[in-house]
>>> print(open('start.txt').read())   # compact mmCIF, N, CA and C atoms
# COMPACT_ATOMS: atom_id res chain seq x y z
N MET A 5 -103.26 -3.63 -86.81
CA MET A 5 -102.59 -4.92 -86.91
C MET A 5 -103.43 -5.87 -87.75
N ASN A 6 -102.80 -6.71 -88.54
CA ASN A 6 -103.50 -7.69 -89.36
C ASN A 6 -104.10 -8.80 -88.51
N ASN A 7 -105.23 -9.31 -88.99
CA ASN A 7 -105.79 -10.49 -88.35
C ASN A 7 -104.99 -11.69 -88.80
N ILE A 8 -104.35 -12.32 -87.88
CA ILE A 8 -103.56 -13.50 -88.20
C ILE A 8 -104.46 -14.72 -88.13
N LYS A 9 -104.41 -15.53 -89.17
CA LYS A 9 -105.18 -16.76 -89.20
C LYS A 9 -104.27 -17.95 -88.98
N ILE A 10 -104.80 -18.90 -88.28
CA ILE A 10 -104.09 -20.16 -88.11
C ILE A 10 -104.80 -21.20 -88.96
N VAL A 11 -104.12 -21.62 -90.02
CA VAL A 11 -104.66 -22.64 -90.91
C VAL A 11 -103.80 -23.88 -90.72
N VAL A 12 -104.44 -24.97 -90.36
CA VAL A 12 -103.75 -26.23 -90.14
C VAL A 12 -103.97 -27.11 -91.36
N ALA A 13 -102.90 -27.66 -91.88
CA ALA A 13 -102.98 -28.52 -93.06
C ALA A 13 -102.56 -29.93 -92.67
N CYS A 14 -103.40 -30.90 -93.06
CA CYS A 14 -103.11 -32.30 -92.75
C CYS A 14 -103.26 -33.14 -94.01
N MET A 15 -102.23 -33.87 -94.35
CA MET A 15 -102.33 -34.86 -95.43
C MET A 15 -102.64 -36.18 -94.75
N VAL A 16 -103.75 -36.80 -95.15
CA VAL A 16 -104.17 -38.05 -94.50
C VAL A 16 -104.44 -39.13 -95.53
N GLN A 17 -104.30 -40.35 -95.07
CA GLN A 17 -104.72 -41.52 -95.84
C GLN A 17 -104.74 -42.70 -94.88
N ASN A 18 -105.93 -43.24 -94.65
CA ASN A 18 -106.11 -44.38 -93.74
C ASN A 18 -105.55 -44.09 -92.35
N ASP A 19 -106.03 -43.01 -91.75
CA ASP A 19 -105.56 -42.58 -90.43
C ASP A 19 -106.70 -42.52 -89.42
N GLU A 20 -107.63 -43.46 -89.51
CA GLU A 20 -108.83 -43.40 -88.68
C GLU A 20 -108.53 -43.43 -87.18
N PHE A 21 -107.45 -44.02 -86.75
CA PHE A 21 -107.19 -44.15 -85.31
C PHE A 21 -106.57 -42.91 -84.68
N TRP A 22 -105.90 -42.07 -85.46
CA TRP A 22 -105.29 -40.89 -84.86
C TRP A 22 -105.93 -39.60 -85.27
N ILE A 23 -106.81 -39.58 -86.30
CA ILE A 23 -107.32 -38.32 -86.82
C ILE A 23 -108.19 -37.58 -85.81
N THR A 24 -109.03 -38.27 -85.06
CA THR A 24 -109.89 -37.58 -84.09
C THR A 24 -109.09 -36.90 -82.98
N PRO A 25 -108.17 -37.60 -82.31
CA PRO A 25 -107.38 -36.90 -81.27
C PRO A 25 -106.54 -35.76 -81.86
N CYS A 26 -106.05 -35.96 -83.06
CA CYS A 26 -105.27 -34.91 -83.71
C CYS A 26 -106.12 -33.65 -83.92
N LEU A 27 -107.28 -33.82 -84.53
CA LEU A 27 -108.13 -32.67 -84.82
C LEU A 27 -108.66 -32.02 -83.55
N LYS A 28 -109.02 -32.83 -82.56
CA LYS A 28 -109.50 -32.26 -81.30
C LYS A 28 -108.43 -31.43 -80.61
N SER A 29 -107.18 -31.78 -80.81
CA SER A 29 -106.10 -31.02 -80.17
C SER A 29 -105.85 -29.68 -80.83
N ILE A 30 -106.22 -29.54 -82.11
CA ILE A 30 -105.96 -28.27 -82.78
C ILE A 30 -107.21 -27.42 -82.99
N LEU A 31 -108.39 -27.99 -82.83
CA LEU A 31 -109.62 -27.22 -83.01
C LEU A 31 -109.71 -25.98 -82.12
N PRO A 32 -109.23 -26.02 -80.88
CA PRO A 32 -109.36 -24.82 -80.05
C PRO A 32 -108.58 -23.60 -80.57
N ILE A 33 -107.58 -23.81 -81.40
CA ILE A 33 -106.78 -22.67 -81.86
C ILE A 33 -106.87 -22.41 -83.37
N ALA A 34 -107.42 -23.33 -84.12
CA ALA A 34 -107.40 -23.22 -85.58
C ALA A 34 -108.57 -22.39 -86.09
N ASP A 35 -108.27 -21.54 -87.09
CA ASP A 35 -109.32 -20.83 -87.81
C ASP A 35 -109.86 -21.69 -88.95
N LYS A 36 -109.00 -22.55 -89.47
CA LYS A 36 -109.38 -23.43 -90.57
C LYS A 36 -108.49 -24.66 -90.52
N ILE A 37 -109.08 -25.81 -90.86
CA ILE A 37 -108.31 -27.05 -90.96
C ILE A 37 -108.55 -27.60 -92.35
N LEU A 38 -107.50 -27.68 -93.10
CA LEU A 38 -107.57 -28.18 -94.46
C LEU A 38 -107.01 -29.59 -94.49
N ILE A 39 -107.84 -30.52 -94.90
CA ILE A 39 -107.43 -31.92 -94.96
C ILE A 39 -107.41 -32.35 -96.42
N ILE A 40 -106.28 -32.87 -96.85
CA ILE A 40 -106.20 -33.46 -98.17
C ILE A 40 -106.09 -34.96 -97.98
N ASP A 41 -107.12 -35.65 -98.45
CA ASP A 41 -107.17 -37.10 -98.32
C ASP A 41 -106.60 -37.73 -99.58
N GLY A 42 -105.64 -38.61 -99.37
CA GLY A 42 -104.98 -39.26 -100.49
C GLY A 42 -105.66 -40.53 -100.96
N GLY A 43 -106.91 -40.74 -100.54
CA GLY A 43 -107.64 -41.93 -100.99
C GLY A 43 -107.87 -42.93 -99.89
N SER A 44 -108.30 -42.46 -98.74
CA SER A 44 -108.54 -43.36 -97.60
C SER A 44 -109.57 -44.42 -97.94
N THR A 45 -109.28 -45.64 -97.48
CA THR A 45 -110.22 -46.75 -97.66
C THR A 45 -110.74 -47.26 -96.31
N ASP A 46 -110.35 -46.61 -95.24
CA ASP A 46 -110.83 -46.99 -93.91
C ASP A 46 -111.89 -45.97 -93.47
N ASN A 47 -112.04 -45.73 -92.19
CA ASN A 47 -113.06 -44.82 -91.66
C ASN A 47 -112.54 -43.42 -91.37
N THR A 48 -111.42 -43.04 -91.96
CA THR A 48 -110.84 -41.72 -91.70
C THR A 48 -111.85 -40.61 -91.95
N LEU A 49 -112.50 -40.61 -93.10
CA LEU A 49 -113.40 -39.51 -93.46
C LEU A 49 -114.65 -39.49 -92.58
N SER A 50 -115.15 -40.65 -92.21
CA SER A 50 -116.33 -40.66 -91.33
C SER A 50 -115.96 -40.17 -89.93
N GLU A 51 -114.76 -40.46 -89.48
CA GLU A 51 -114.30 -39.94 -88.18
C GLU A 51 -114.22 -38.42 -88.21
N ILE A 52 -113.76 -37.87 -89.31
CA ILE A 52 -113.70 -36.41 -89.46
C ILE A 52 -115.11 -35.82 -89.48
N ASP A 53 -116.01 -36.45 -90.21
CA ASP A 53 -117.40 -35.97 -90.29
C ASP A 53 -118.08 -35.96 -88.93
N LYS A 54 -117.74 -36.88 -88.06
CA LYS A 54 -118.35 -36.94 -86.72
C LYS A 54 -118.07 -35.68 -85.91
N LEU A 55 -116.98 -35.00 -86.21
CA LEU A 55 -116.65 -33.78 -85.48
C LEU A 55 -117.59 -32.63 -85.83
N ASN A 56 -118.19 -32.68 -87.01
CA ASN A 56 -119.21 -31.71 -87.42
C ASN A 56 -118.77 -30.27 -87.17
N ASP A 57 -117.65 -29.89 -87.73
CA ASP A 57 -117.12 -28.54 -87.55
C ASP A 57 -116.94 -27.87 -88.92
N ASP A 58 -117.53 -26.70 -89.08
CA ASP A 58 -117.47 -26.00 -90.37
C ASP A 58 -116.08 -25.51 -90.74
N ARG A 59 -115.17 -25.48 -89.79
CA ARG A 59 -113.80 -25.04 -90.09
C ARG A 59 -112.99 -26.11 -90.80
N ILE A 60 -113.49 -27.34 -90.82
CA ILE A 60 -112.77 -28.44 -91.46
C ILE A 60 -113.20 -28.56 -92.92
N GLU A 61 -112.23 -28.47 -93.80
CA GLU A 61 -112.48 -28.62 -95.24
C GLU A 61 -111.69 -29.83 -95.74
N ILE A 62 -112.36 -30.72 -96.43
CA ILE A 62 -111.71 -31.92 -96.95
C ILE A 62 -111.63 -31.82 -98.46
N ARG A 63 -110.44 -32.08 -98.97
CA ARG A 63 -110.25 -32.18 -100.42
C ARG A 63 -109.68 -33.56 -100.72
N HIS A 64 -110.07 -34.09 -101.84
CA HIS A 64 -109.63 -35.42 -102.23
C HIS A 64 -108.67 -35.29 -103.40
N ILE A 65 -107.42 -35.53 -103.13
CA ILE A 65 -106.40 -35.46 -104.17
C ILE A 65 -105.52 -36.69 -104.02
N ARG A 66 -105.48 -37.49 -105.05
CA ARG A 66 -104.66 -38.70 -104.99
C ARG A 66 -103.68 -38.70 -106.15
N PHE A 67 -102.44 -38.89 -105.81
CA PHE A 67 -101.40 -39.00 -106.81
C PHE A 67 -100.85 -40.41 -106.75
N CYS A 68 -100.84 -41.08 -107.86
CA CYS A 68 -100.34 -42.45 -107.90
C CYS A 68 -98.86 -42.49 -107.56
N HIS A 69 -98.51 -43.42 -106.71
CA HIS A 69 -97.10 -43.68 -106.37
C HIS A 69 -96.39 -42.48 -105.75
N GLU A 70 -97.13 -41.65 -105.03
CA GLU A 70 -96.52 -40.49 -104.38
C GLU A 70 -95.36 -40.91 -103.47
N LEU A 71 -95.57 -41.93 -102.66
CA LEU A 71 -94.51 -42.33 -101.73
C LEU A 71 -93.34 -42.99 -102.45
N LEU A 72 -93.62 -43.66 -103.55
CA LEU A 72 -92.54 -44.34 -104.26
C LEU A 72 -91.63 -43.37 -104.99
N THR A 73 -92.22 -42.34 -105.58
CA THR A 73 -91.40 -41.41 -106.36
C THR A 73 -90.89 -40.25 -105.53
N SER A 74 -91.57 -39.95 -104.43
CA SER A 74 -91.20 -38.83 -103.56
C SER A 74 -91.01 -37.54 -104.34
N ASP A 75 -91.88 -37.32 -105.33
CA ASP A 75 -91.74 -36.10 -106.11
C ASP A 75 -92.47 -34.91 -105.50
N GLY A 76 -93.23 -35.12 -104.44
CA GLY A 76 -93.82 -34.03 -103.69
C GLY A 76 -95.02 -33.35 -104.34
N ARG A 77 -95.66 -33.99 -105.30
CA ARG A 77 -96.80 -33.35 -105.96
C ARG A 77 -97.94 -33.08 -104.99
N GLN A 78 -98.21 -34.00 -104.08
CA GLN A 78 -99.30 -33.78 -103.12
C GLN A 78 -98.97 -32.62 -102.20
N ARG A 79 -97.75 -32.56 -101.73
CA ARG A 79 -97.32 -31.47 -100.87
C ARG A 79 -97.39 -30.13 -101.61
N GLN A 80 -96.99 -30.11 -102.87
CA GLN A 80 -97.03 -28.88 -103.65
C GLN A 80 -98.47 -28.42 -103.86
N GLU A 81 -99.37 -29.36 -104.08
CA GLU A 81 -100.77 -29.01 -104.23
C GLU A 81 -101.29 -28.37 -102.94
N TYR A 82 -100.87 -28.91 -101.82
CA TYR A 82 -101.23 -28.34 -100.52
C TYR A 82 -100.77 -26.89 -100.42
N LEU A 83 -99.54 -26.66 -100.76
CA LEU A 83 -99.00 -25.30 -100.67
C LEU A 83 -99.76 -24.35 -101.58
N ASN A 84 -100.14 -24.79 -102.76
CA ASN A 84 -100.93 -23.95 -103.65
C ASN A 84 -102.28 -23.60 -103.07
N ILE A 85 -102.93 -24.57 -102.42
CA ILE A 85 -104.22 -24.32 -101.78
C ILE A 85 -104.07 -23.35 -100.61
N LEU A 86 -103.03 -23.54 -99.80
CA LEU A 86 -102.83 -22.68 -98.63
C LEU A 86 -102.55 -21.23 -99.00
N LYS A 87 -101.96 -21.00 -100.15
CA LYS A 87 -101.70 -19.63 -100.59
C LYS A 87 -103.00 -18.83 -100.74
N ASN A 88 -104.09 -19.54 -101.00
CA ASN A 88 -105.37 -18.87 -101.22
C ASN A 88 -106.26 -18.83 -99.96
N CYS A 89 -105.74 -19.27 -98.83
CA CYS A 89 -106.55 -19.25 -97.59
C CYS A 89 -106.53 -17.87 -96.95
>>> encode(input="start.txt", output="structure tokens")
Amino acid sequence: MNNIKIVVACMVQNDEFWITPCLKSILPIADKILIIDGGSTDNTLSEIDKLNDDRIEIRHIRFCHELLTSDGRQRQEYLNILKNC
């Protein structure tokens, strides 16, 4: 049987208040947590760093006006990254 991996993908931006409880809830089952930060200007990234877990990988990808155009470029980039996990 194949080893099944659980890879959790989170798109974040200025989510310092919910990121810690979110990650703590999935750490017990996740093999990898991929976070794509869209340019946080609050303490989101420092909150993630406090968890000090090697399974968490942060990538910084910012697309201008992603929410305004809803063209899904950030989501598509996520899917491309996940294909290689």
>>> atom_distance(input="start.txt", atom1="atom N of Gln17 in chain A", atom2="atom N of Asp35 in chain A")
20.8 Å
>>> atom_distance(input="start.txt", atom1="atom C of Cys26 in chain A", atom2="atom C of Leu83 in chain A")
20.9 Å
>>> axis_aligned_box(input="start.txt", around="range 26-44 of chain A", padding_each_side="5 Å", output="JSON")
{"center_x": -107.4, "center_y": -32.6, "center_z": -90.5, "size_x": 14.9, "size_y": 33.6, "size_z": 30.9}
>>> atom_distance(input="start.txt", atom1="CA of Thr45 in chain A", atom2="CA of Thr24 in chain A")
16.4 Å
>>> select_by_dssp(input="start.txt", residues="chain A", states="helix (DSSP H, G or I)", output="PyMOL selection string")
chain A and resi 23-30+48-55+70-73+77-87
>>> closest_residue(input="start.txt", among="A:Lys87, A:Lys9, A:Lys28, A:Lys36", to="Asp58 in chain A", atoms="only C-alpha atoms")
A:Lys36
>>> residues_around(input="start.txt", residues="Val11 in chain A", least_positions_apart="6", cutoff="8 Å", atoms="only N, CA and C atoms", output="JSON list (two decimals) with N, CA and C atoms, in the coordinates of the input")
[["chain", "number", "residue", "atom", "x", "y", "z"],
["A", 33, "ILE", "N", -107.58, -23.81, -81.40],
["A", 33, "ILE", "CA", -106.78, -22.67, -81.86],
["A", 33, "ILE", "C", -106.87, -22.41, -83.37],
["A", 34, "ALA", "N", -107.42, -23.33, -84.12],
["A", 34, "ALA", "CA", -107.40, -23.22, -85.58],
["A", 34, "ALA", "C", -108.57, -22.39, -86.09],
["A", 35, "ASP", "N", -108.27, -21.54, -87.09],
["A", 35, "ASP", "CA", -109.32, -20.83, -87.81],
["A", 35, "ASP", "C", -109.86, -21.69, -88.95],
["A", 36, "LYS", "N", -109.00, -22.55, -89.47],
["A", 36, "LYS", "CA", -109.38, -23.43, -90.57],
["A", 36, "LYS", "C", -108.49, -24.66, -90.52],
["A", 37, "ILE", "N", -109.08, -25.81, -90.86],
["A", 37, "ILE", "CA", -108.31, -27.05, -90.96],
["A", 37, "ILE", "C", -108.55, -27.60, -92.35],
["A", 38, "LEU", "N", -107.50, -27.68, -93.10],
["A", 38, "LEU", "CA", -107.57, -28.18, -94.46],
["A", 38, "LEU", "C", -107.01, -29.59, -94.49],
["A", 86, "LEU", "N", -103.03, -23.54, -99.80],
["A", 86, "LEU", "CA", -102.83, -22.68, -98.63],
["A", 86, "LEU", "C", -102.55, -21.23, -99.00],
["A", 89, "CYS", "N", -105.74, -19.27, -98.83],
["A", 89, "CYS", "CA", -106.55, -19.25, -97.59],
["A", 89, "CYS", "C", -106.53, -17.87, -96.95]]
>>> closest_residue(input="start.txt", among="A:Leu31, A:Val12, A:Ile23, A:Ile40", to="Glu81 in chain A", atoms="only C-alpha atoms")
A:Ile40
>>> closest_residue(input="start.txt", among="A:Ser50, A:Ser44, A:Gln80, A:Asn18", to="His64 in chain A", atoms="only C-alpha atoms")
A:Ser44
>>> residues_around(input="start.txt", residues="Asn47 in chain A", least_positions_apart="6", cutoff="9 Å", atoms="only C-alpha atoms", output="PyMOL selection string")
chain A and resi 18-21
>>> select_by_dssp(input="start.txt", residues="range 13-81 of chain A", states="strand (DSSP E)", output="PyMOL selection string")
chain A and resi 13-16+36-41+60-64
>>> closest_residue(input="start.txt", among="A:Asp57, A:Ala13, A:Ile30, A:Asp41", to="Ile85 in chain A", atoms="only C-alpha atoms")
A:Ala13
>>> closest_residue(input="start.txt", among="A:Ile65, A:Met15, A:Asn88, A:Tyr82", to="Gly43 in chain A", atoms="only C-alpha atoms")
A:Ile65
